[in-house]
Amino acid sequence: MSQPEVGIIDQVVTQEYKYGFTTDIEMETAPMGLTEDTVRFISAKKNEPEWMLEWRLKAYKYWLTMEEPNWQNFNYPVINYQDIIFYAAPKQKIQLDSLDQVDPELLKTFEKLGISLQEQKRLTGVAVDAVFDSVSIATTFKEQLKEKGVIFCSISEAMHEHPELVKKYIGSVVPQTDNYFAALNSAVFSDGSFVYIPKGVRCPMELSTYFRINAENTGQFERTLIIADDDSYVSYLEGCTAPMRDEHQLHAAVVELVAHNNAEIKYSTVQNWYPGDKDGKGGIYNFVTKRGICEGNNSKISWTQVETGSAITWKYPSCILKGDNSTGEFFSVAVTNNAQIADTGTKMIHIGKNTKSRIVSKGISAGKSHNSYRGLVKINKKAEGARNYTQCDSMLIGDKCGAHTFPYIEVNNNTATLEHEASTSKIGEDQIFYCAQRGIGLEEAISLIVNGFCKEVLNQLPMEFAVEAQKLLAVSLEGSVG
Amino acid sequence: MISIKNLQASIEGKAILNGINLDIKPGEVHAIMGPNGAGKSTLSSVLAGRADYEVTGGEVDFLGKDLLELSPEDRAREGLFLAFQYPVEIPGVSSTNFLKTAINEKRKYLGQEPMEATDFLKFMRSKMEEMEMDKSLTSRSLNEGFSGGEKKRNEVFQMAMLEPKFCIMDETDSGLDIDALRLVSAGVNKLRNSERSFLVITHYQRLLDYIVPDFVHVLYKGRIVKSGDASLAKELEVKGYDWIKQEVEAAV
């Protein structure tokens with residue numbers, strides 16, 4: 001892959017959060033708050049089969065018995081779940097058969113975000129599912145994918161078209177009872193993407209879901225499920241933005257990945273939810289459960305994330321390495337500026353023989369933000385010959401921010417090999433002066449140095465998105481040194 | 001090109017430069033020599049605008065502009081280049097990216113369009129040939145893991161790319177063996193022309209065998225105490241700095 005050019009950074013370095021606009025469109029919403037009726041309302045809206053409603057209700061009832069976790073390395077105000085709207089969808093009178101029937105306001109919204117849903121205008125080789133508040137608006141390139149047997153649609157659609165697959169896999173990696181926010185999601189999730197790659201198929205294009213929160217007082221609870229059958233391959237990317245609003249909004253998603261024998265799933269995230277203002281007013285609470293299982297032998301799951309947005313990012317995309325010789329990877333860049341908080345990392349659970357995992361985490365803290373890496377590497381009794389390599393690097397910009405590392409290691413098999421490397425650095429005055437002497441100003445110098453620091457991770461992203469991610473890093477650190 | 005009048009500077013309250021006067025015309029090469037602690041590197045840092053130093057008096061005119069009023073990056077964009085004694089490593093940033101950013105920042109400052117990626121690569125290739133640079137250097141992370149010689153050659157290569165009007169070489173010869181010294185000097189000589197001026201700061205005469213200066217100045221206790229032509233450097237090589245020190249002390 002050739003290197004994205006840094007020149008792009010120059011064009012955007014002076015910009016503020018540019019996705020903060022709102023779309024004025026007629027919406028249909030659930031009544032505020034969460035009761036059993038809310039769950040029934042959402043299920044009915046989606047015209048769901050009975051088993052799905054039962055599944056949701058089970059989750060809801062379990063959630064009522066749970067308490068919000070409090071072990072994290074930050075505090076946040078108590079969330080009142082009765083002040084949240086759990087379902088908001090643009091009003092549409094008819095079933096959509098083609099893009100021509102999509103409200104032009106919505107198409108315009110996604111155009112503004114740089115996501116064209118018109119297939120001919122799309123980046124070649126990327127199919128997109130666009131989710132606006134609680135519903136999927138459109139999925140592109142469906143026909144081409146269908147020829148290969150690839151299913152890429154909204155999860156609501158999958159429930160009707162492929163109930164046997166949804167029934168079999170939903171909750172199989174992240175059960176309804178897994179944790180507080182996963183249970184909440186299971187009860188009220190409204191949409192998300194569904195991907196199935198049949199045996200022996202290499203998905204011919206990048207798949208991508210673009211999430212947009214628009215409505216006020218609304219939470220977004222999407223659920224993504226990706227299944228790669230034997231000997232298949234898929235690369236999937238999600239992106240997300242939200243308007244600038246003064247109140248915090250909750251985003252509690254669940255992502256489940258299943259890789260069968262010799263299958264590979266590459267899952268990339270470029271997270272750019274609204275981070276709140278300089279003083280921490282507003283912004284998204286990004287509390288997400290992401291987990292993949294390497295079910296089959298020689299399978300591989302690779303998480304890449306670039307986290308620049310959200311008031312609080314709290315998630316640990318994880319891999320359960322069940323199949324023998326399976327591989328899990330986690331590449332992460334988390335940037336926090338101003339009052340932002342990130343508590344993120346991964347879990348690698350080694351169960352199968354000769355399983356391998358690799359963790360590369362780059363945390364960048366600026367302003368008065370706090371950035372924590374938290375990770376677990378667990379080697380089970382029967383995981384003969386397991387290997388893990390962990391590298392955690394932190395970079396500090398300024399002297400009011402914090403970087404924290406919480407690595408947990410549990411080894412129950414003495415044939416395991418684990419390596420852990422960690423470093424903390426500051427952007428040096430010498431580096432800044434060197435850049436200045438070559439005519440490169442402070443902001444540009446910082447984005448150059450930061451992009452260099454994150455290169456290993458950015459290189460994992462599909463080309464188009466690597467450029468996007470570089471731009472994001474520059475914008476997120478705007479004004480971080482003064 | 002540059003006119004320095006009575007320049008005084010201190011660091012942490014300690015006076016280092018005590019009134020430097022120096023005029024450099026286009027195309028001239030001036031060498032500054034002097035014993036350790038004379039203020040040689042301070043002079044280069046102050047001209048480039050390093051924040052650690054406080055200018056306490058004097059003025060510097062650079063191509064009609066008040067140099068001391070300009071930010072370090074604007075000084076660079078106006079055409080002042082400092083070849084560092086200790087070039088800084090920037091992990092993960094290739095020379096290509098670094099130089100492209102630098103060139104386009106300068107162009108932006110001058111109100112020019114950014115250079116297209118293909119034009120830039122062509123330009124860089126031609127400069128690499130001219131300066132006889134190894135291709136691998138540009139894709140490696142900037143200065144990371146470079147040998148002393150590679151770092152200095154890379155400084156001269158950056159100089160070639162940025163096409164400055166006035167170049168300060170800060171003890172470029174330090175830590176170089178004779179072969180590296182020859183290569184670096186050859187690079188500098190290629191960049192000499194009737195428009196471009198150089199201020200070569202060095203402790204040893206050796207470098208001046210390769211980069212032959214028009215003028216040599218001796219810096220001692222923050223002042224230029226003696227000036228001459230290239231033969232002054234030879235004289236210093238034979239006699240050392242002590243006789244100059246004695247001359248200065250005697251005059252007090």
# chains A, B, ... in the order shown; residues from 1 in each chain; ligands from 1
$ residues_around --residues "segment 217-225 of chain A" --least-positions-apart "6" --cutoff "8 Å" --atoms "only C-alpha atoms" --output "PyMOL selection string"
chain A and resi 83-88+133-134+155+169-170+185+188-195+247+249-257
$ write_last_selection --atoms "N, CA and C atoms" --output "short mmCIF file (atom, residue, chain, number, x, y, z; two decimals), in the first residue's frame"
data_model
loop_
_atom_site.label_atom_id
_atom_site.label_comp_id
_atom_site.auth_asym_id
_atom_site.auth_seq_id
_atom_site.Cartn_x
_atom_site.Cartn_y
_atom_site.Cartn_z
N ASP A 83 -34.90 9.64 30.24
CA ASP A 83 -34.80 10.90 29.48
C ASP A 83 -34.28 10.67 28.06
N ILE A 84 -34.21 9.42 27.66
CA ILE A 84 -33.65 9.11 26.34
C ILE A 84 -34.76 8.62 25.42
N ILE A 85 -34.68 9.04 24.17
CA ILE A 85 -35.58 8.47 23.17
C ILE A 85 -34.85 7.28 22.55
N PHE A 86 -35.48 6.13 22.58
CA PHE A 86 -34.80 4.91 22.16
C PHE A 86 -35.03 4.55 20.70
N TYR A 87 -35.93 5.28 20.06
CA TYR A 87 -36.17 4.98 18.66
C TYR A 87 -36.53 6.26 17.92
N ALA A 88 -35.82 6.57 16.87
CA ALA A 88 -36.13 7.74 16.04
C ALA A 88 -35.82 7.39 14.60
N ASP A 133 -29.88 7.79 12.58
CA ASP A 133 -30.54 7.55 13.87
C ASP A 133 -30.82 6.06 14.04
N SER A 134 -32.07 5.67 14.04
CA SER A 134 -32.35 4.27 14.38
C SER A 134 -32.53 3.33 13.20
N ILE A 155 -29.78 -5.15 9.62
CA ILE A 155 -30.09 -6.33 10.43
C ILE A 155 -31.61 -6.54 10.49
N TYR A 169 -26.99 -16.86 15.07
CA TYR A 169 -25.77 -16.15 15.49
C TYR A 169 -25.98 -14.97 16.44
N ILE A 170 -27.15 -14.35 16.43
CA ILE A 170 -27.29 -13.16 17.26
C ILE A 170 -27.15 -13.54 18.74
N ASN A 185 -28.58 -2.75 24.92
CA ASN A 185 -28.61 -2.80 23.46
C ASN A 185 -29.51 -3.93 22.97
N VAL A 188 -33.15 -2.89 23.08
CA VAL A 188 -33.69 -1.77 22.31
C VAL A 188 -32.99 -1.51 20.97
N PHE A 189 -32.07 -2.39 20.55
CA PHE A 189 -31.34 -2.08 19.32
C PHE A 189 -32.35 -1.89 18.18
N SER A 190 -32.04 -0.91 17.34
CA SER A 190 -33.02 -0.57 16.31
C SER A 190 -32.57 -0.98 14.93
N ASP A 191 -31.28 -0.85 14.67
CA ASP A 191 -30.80 -1.31 13.36
C ASP A 191 -29.32 -1.56 13.42
N GLY A 192 -28.70 -1.69 12.27
CA GLY A 192 -27.29 -2.03 12.20
C GLY A 192 -27.09 -2.85 10.95
N SER A 193 -25.90 -3.35 10.77
CA SER A 193 -25.61 -4.07 9.54
C SER A 193 -25.48 -5.56 9.79
N PHE A 194 -25.80 -6.29 8.74
CA PHE A 194 -25.67 -7.74 8.78
C PHE A 194 -24.84 -8.18 7.58
N VAL A 195 -23.84 -9.00 7.84
CA VAL A 195 -22.99 -9.47 6.74
C VAL A 195 -22.84 -10.98 6.86
N GLU A 247 -26.24 18.51 25.10
CA GLU A 247 -26.41 17.42 26.06
C GLU A 247 -25.61 16.21 25.56
N GLN A 249 -25.12 12.40 24.52
CA GLN A 249 -25.98 11.39 23.90
C GLN A 249 -25.30 10.04 24.04
N LEU A 250 -26.11 9.03 24.27
CA LEU A 250 -25.57 7.69 24.52
C LEU A 250 -25.56 6.87 23.24
N HIS A 251 -24.43 6.26 22.98
CA HIS A 251 -24.32 5.33 21.85
C HIS A 251 -23.83 4.03 22.44
N ALA A 252 -24.71 3.03 22.49
CA ALA A 252 -24.35 1.75 23.09
C ALA A 252 -24.57 0.66 22.04
N ALA A 253 -23.54 0.38 21.30
CA ALA A 253 -23.66 -0.58 20.21
C ALA A 253 -23.11 -1.94 20.61
N VAL A 254 -23.49 -2.94 19.85
CA VAL A 254 -22.90 -4.27 20.00
C VAL A 254 -22.45 -4.74 18.62
N VAL A 255 -21.25 -5.26 18.56
CA VAL A 255 -20.76 -5.85 17.31
C VAL A 255 -20.32 -7.28 17.60
N GLU A 256 -20.80 -8.19 16.78
CA GLU A 256 -20.41 -9.60 16.93
C GLU A 256 -19.81 -10.10 15.63
N LEU A 257 -18.66 -10.76 15.73
CA LEU A 257 -18.02 -11.32 14.55
C LEU A 257 -17.83 -12.81 14.76
#
$ interface_residues --of "chain A" --to "chain B" --cutoff "8 Å" --atoms "only C-alpha atoms" --output "number ranges by chain"
A: 5-7, 430-431, 433-441, 448-449, 451-455
$ write_last_selection --atoms "N, CA and C atoms" --output "mmCIF file, in the first residue's frame"
data_model
loop_
_atom_site.group_PDB
_atom_site.id
_atom_site.type_symbol
_atom_site.label_atom_id
_atom_site.label_comp_id
_atom_site.auth_asym_id
_atom_site.auth_seq_id
_atom_site.Cartn_x
_atom_site.Cartn_y
_atom_site.Cartn_z
ATOM 1 N N GLU A 5 -0.633 10.872 1.432
ATOM 2 C CA GLU A 5 0.206 12.050 1.508
ATOM 3 C C GLU A 5 -0.210 12.945 2.670
ATOM 4 N N VAL A 6 0.761 13.450 3.343
ATOM 5 C CA VAL A 6 0.494 14.283 4.505
ATOM 6 C C VAL A 6 -0.101 15.636 4.106
ATOM 7 N N GLY A 7 0.120 16.035 2.857
ATOM 8 C CA GLY A 7 -0.376 17.318 2.391
ATOM 9 C C GLY A 7 -1.840 17.572 2.711
ATOM 10 N N ASP A 430 12.499 20.023 20.760
ATOM 11 C CA ASP A 430 13.500 19.902 19.704
ATOM 12 C C ASP A 430 12.871 19.508 18.375
ATOM 13 N N GLN A 431 11.902 18.577 18.453
ATOM 14 C CA GLN A 431 11.216 18.157 17.223
ATOM 15 C C GLN A 431 10.425 19.313 16.627
ATOM 16 N N PHE A 433 10.981 22.519 17.035
ATOM 17 C CA PHE A 433 11.873 23.543 16.495
ATOM 18 C C PHE A 433 12.488 23.094 15.169
ATOM 19 N N TYR A 434 12.818 21.830 15.105
ATOM 20 C CA TYR A 434 13.385 21.300 13.856
ATOM 21 C C TYR A 434 12.387 21.499 12.712
ATOM 22 N N CYS A 435 11.136 21.158 12.956
ATOM 23 C CA CYS A 435 10.096 21.348 11.943
ATOM 24 C C CYS A 435 9.948 22.831 11.599
ATOM 25 N N ALA A 436 9.932 23.674 12.638
ATOM 26 C CA ALA A 436 9.775 25.118 12.410
ATOM 27 C C ALA A 436 10.899 25.624 11.515
ATOM 28 N N GLN A 437 12.120 25.148 11.764
ATOM 29 C CA GLN A 437 13.259 25.616 10.988
ATOM 30 C C GLN A 437 13.145 25.191 9.521
ATOM 31 N N ARG A 438 12.288 24.233 9.246
ATOM 32 C CA ARG A 438 12.076 23.850 7.848
ATOM 33 C C ARG A 438 10.796 24.506 7.295
ATOM 34 N N GLY A 439 10.252 25.427 8.090
ATOM 35 C CA GLY A 439 9.081 26.176 7.611
ATOM 36 C C GLY A 439 7.752 25.545 7.990
ATOM 37 N N ILE A 440 7.796 24.525 8.860
ATOM 38 C CA ILE A 440 6.565 23.821 9.238
ATOM 39 C C ILE A 440 6.084 24.360 10.588
ATOM 40 N N GLY A 441 4.916 24.971 10.586
ATOM 41 C CA GLY A 441 4.371 25.596 11.794
ATOM 42 C C GLY A 441 3.948 24.572 12.838
ATOM 43 N N LEU A 448 2.164 16.041 11.862
ATOM 44 C CA LEU A 448 3.210 15.228 11.228
ATOM 45 C C LEU A 448 3.785 14.217 12.226
ATOM 46 N N ILE A 449 4.124 14.720 13.403
ATOM 47 C CA ILE A 449 4.748 13.868 14.420
ATOM 48 C C ILE A 449 3.756 12.806 14.911
ATOM 49 N N ASN A 451 1.067 11.649 13.301
ATOM 50 C CA ASN A 451 0.826 10.673 12.241
ATOM 51 C C ASN A 451 1.975 9.671 12.129
ATOM 52 N N GLY A 452 3.180 10.162 12.346
ATOM 53 C CA GLY A 452 4.336 9.263 12.339
ATOM 54 C C GLY A 452 4.240 8.256 13.478
ATOM 55 N N PHE A 453 3.831 8.739 14.637
ATOM 56 C CA PHE A 453 3.690 7.918 15.844
ATOM 57 C C PHE A 453 2.660 6.797 15.624
ATOM 58 N N CYS A 454 1.616 7.108 14.854
ATOM 59 C CA CYS A 454 0.512 6.157 14.659
ATOM 60 C C CYS A 454 0.638 5.337 13.378
ATOM 61 N N LYS A 455 1.700 5.522 12.659
ATOM 62 C CA LYS A 455 1.803 4.962 11.310
ATOM 63 C C LYS A 455 1.493 3.468 11.241
#
$ atom_distance --atom1 "atom CA of Thr202 of chain B" --atom2 "atom CA of Ala233 of chain B"
10.4 Å
$ residues_around --residues "Tyr76 of chain A" --least-positions-apart "4" --cutoff "10 Å" --atoms "only C-alpha atoms" --output "PyMOL selection string"
chain A and resi 70+285+311-312+341
$ residues_around --residues "segment 225-229 of chain B" --least-positions-apart "4" --cutoff "7 Å" --atoms "only C-alpha atoms" --output "PDB file with C-alpha atoms, in the first residue's frame"
ATOM      1  CA  ASP B 214      35.615  34.142   1.421  1.00  0.00           C
ATOM      2  CA  PHE B 215      35.916  35.447   4.959  1.00  0.00           C
ATOM      3  CA  VAL B 216      36.897  33.932   8.296  1.00  0.00           C
ATOM      4  CA  HIS B 217      35.875  35.424  11.636  1.00  0.00           C
ATOM      5  CA  VAL B 218      37.047  34.402  15.060  1.00  0.00           C
ATOM      6  CA  LEU B 219      34.428  34.447  17.786  1.00  0.00           C
ATOM      7  CA  TYR B 220      35.623  34.730  21.369  1.00  0.00           C
TER       8      TYR B 220
END
$ closest_residue --among "A:Cys294, A:Val131, A:Ile79, A:Asn47" --to "His248 of chain A" --atoms "only C-alpha atoms"
A:Ile79
$ residues_around --residues "Lys65 of chain B" --least-positions-apart "2" --cutoff "12 Å" --atoms "only C-alpha atoms" --output "number ranges by chain"
B: 1-4, 59-63, 67-70, 74-75, 78-79
$ write_last_selection --atoms "N, CA and C atoms" --output "JSON list (two decimals), in the first residue's frame"
[["chain", "number", "residue", "atom", "x", "y", "z"],
["B", 1, "MET", "N", 22.46, 40.60, 1.99],
["B", 1, "MET", "CA", 21.71, 39.39, 2.39],
["B", 1, "MET", "C", 21.28, 39.49, 3.85],
["B", 2, "ILE", "N", 22.31, 39.50, 4.71],
["B", 2, "ILE", "CA", 21.99, 39.60, 6.14],
["B", 2, "ILE", "C", 22.97, 40.55, 6.81],
["B", 3, "SER", "N", 22.41, 41.39, 7.65],
["B", 3, "SER", "CA", 23.24, 42.38, 8.31],
["B", 3, "SER", "C", 22.96, 42.34, 9.82],
["B", 4, "ILE", "N", 23.97, 41.93, 10.57],
["B", 4, "ILE", "CA", 23.82, 41.76, 12.02],
["B", 4, "ILE", "C", 24.52, 42.93, 12.71],
["B", 59, "GLU", "N", 20.23, 44.38, 16.31],
["B", 59, "GLU", "CA", 19.23, 44.11, 15.27],
["B", 59, "GLU", "C", 19.81, 43.28, 14.13],
["B", 60, "VAL", "N", 18.91, 42.61, 13.44],
["B", 60, "VAL", "CA", 19.33, 41.78, 12.31],
["B", 60, "VAL", "C", 18.40, 42.06, 11.14],
["B", 61, "ASP", "N", 18.99, 42.52, 10.06],
["B", 61, "ASP", "CA", 18.20, 42.76, 8.84],
["B", 61, "ASP", "C", 18.43, 41.60, 7.88],
["B", 62, "PHE", "N", 17.35, 40.94, 7.49],
["B", 62, "PHE", "CA", 17.47, 39.82, 6.56],
["B", 62, "PHE", "C", 16.64, 40.15, 5.32],
["B", 63, "LEU", "N", 17.30, 40.47, 4.22],
["B", 63, "LEU", "CA", 16.63, 40.81, 2.96],
["B", 63, "LEU", "C", 15.56, 41.89, 3.17],
["B", 67, "LEU", "N", 14.60, 40.42, 11.02],
["B", 67, "LEU", "CA", 14.62, 38.97, 11.26],
["B", 67, "LEU", "C", 14.11, 38.60, 12.65],
["B", 68, "LEU", "N", 14.50, 39.40, 13.63],
["B", 68, "LEU", "CA", 14.18, 39.04, 15.02],
["B", 68, "LEU", "C", 12.69, 39.13, 15.31],
["B", 69, "GLU", "N", 11.95, 39.81, 14.45],
["B", 69, "GLU", "CA", 10.50, 39.91, 14.62],
["B", 69, "GLU", "C", 9.76, 38.71, 14.03],
["B", 70, "LEU", "N", 10.45, 37.95, 13.19],
["B", 70, "LEU", "CA", 9.79, 36.82, 12.50],
["B", 70, "LEU", "C", 9.81, 35.56, 13.37],
["B", 74, "ASP", "N", 8.63, 31.41, 9.86],
["B", 74, "ASP", "CA", 8.65, 32.44, 8.83],
["B", 74, "ASP", "C", 10.08, 32.77, 8.39],
["B", 75, "ARG", "N", 11.02, 32.69, 9.31],
["B", 75, "ARG", "CA", 12.42, 32.89, 8.93],
["B", 75, "ARG", "C", 12.82, 31.84, 7.90],
["B", 78, "GLU", "N", 11.23, 32.54, 4.60],
["B", 78, "GLU", "CA", 11.87, 33.67, 3.92],
["B", 78, "GLU", "C", 13.20, 33.26, 3.28],
["B", 79, "GLY", "N", 13.68, 32.06, 3.64],
["B", 79, "GLY", "CA", 14.89, 31.57, 2.97],
["B", 79, "GLY", "C", 16.09, 31.37, 3.87]]
$ residues_around --residues "Thr355 of chain A" --least-positions-apart "2" --cutoff "8 Å" --atoms "only C-alpha atoms" --output "ChimeraX atom specification"
/A:321,323-327,350-353,357,383,385-387
$ write_last_selection --atoms "N, CA and C atoms" --output "compact mmCIF listing (two decimals), in the first residue's frame"
# COMPACT_ATOMS: atom_id res chain seq x y z
N LEU A 321 -10.11 -16.71 20.82
CA LEU A 321 -9.36 -17.54 19.88
C LEU A 321 -9.62 -19.00 20.20
N GLY A 323 -10.57 -21.57 17.79
CA GLY A 323 -10.01 -22.52 16.83
C GLY A 323 -8.51 -22.66 16.98
N ASP A 324 -7.99 -23.86 16.71
CA ASP A 324 -6.53 -24.04 16.77
C ASP A 324 -5.89 -23.16 15.70
N ASN A 325 -4.70 -22.66 16.00
CA ASN A 325 -3.93 -21.82 15.06
C ASN A 325 -4.66 -20.54 14.66
N SER A 326 -5.62 -20.13 15.42
CA SER A 326 -6.31 -18.90 15.03
C SER A 326 -5.54 -17.67 15.54
N THR A 327 -5.84 -16.53 14.90
CA THR A 327 -5.08 -15.31 15.17
C THR A 327 -6.01 -14.14 15.49
N HIS A 350 -7.17 -16.76 24.69
CA HIS A 350 -6.59 -17.90 23.97
C HIS A 350 -7.16 -19.20 24.50
N ILE A 351 -7.85 -19.93 23.62
CA ILE A 351 -8.43 -21.22 24.03
C ILE A 351 -7.82 -22.36 23.21
N GLY A 352 -7.72 -22.13 21.88
CA GLY A 352 -7.20 -23.17 20.99
C GLY A 352 -5.68 -23.27 21.05
N LYS A 353 -5.18 -24.35 20.47
CA LYS A 353 -3.73 -24.57 20.45
C LYS A 353 -3.07 -23.64 19.44
N SER A 357 -1.85 -13.79 19.19
CA SER A 357 -2.52 -12.49 19.21
C SER A 357 -1.48 -11.38 19.22
N ALA A 383 -4.59 -24.07 25.93
CA ALA A 383 -4.02 -23.30 24.81
C ALA A 383 -2.52 -23.52 24.72
N GLY A 385 1.10 -23.65 23.42
CA GLY A 385 1.88 -22.90 22.43
C GLY A 385 1.30 -21.56 22.03
N ALA A 386 0.50 -20.97 22.90
CA ALA A 386 -0.10 -19.67 22.56
C ALA A 386 0.96 -18.57 22.61
N ARG A 387 0.77 -17.56 21.78
CA ARG A 387 1.72 -16.44 21.76
C ARG A 387 0.97 -15.12 21.76
$ select_by_dssp --residues "segment 282-461 of chain A" --states "helix (DSSP H, G or I)" --output "number ranges by chain"
A: 429-437, 442-453, 455-458
$ select_by_dssp --residues "segment 355-425 of chain A" --states "strand (DSSP E)" --output "MDAnalysis selection string"
chainID A and resid 356:365 370:379 387:396 402:411 417:425
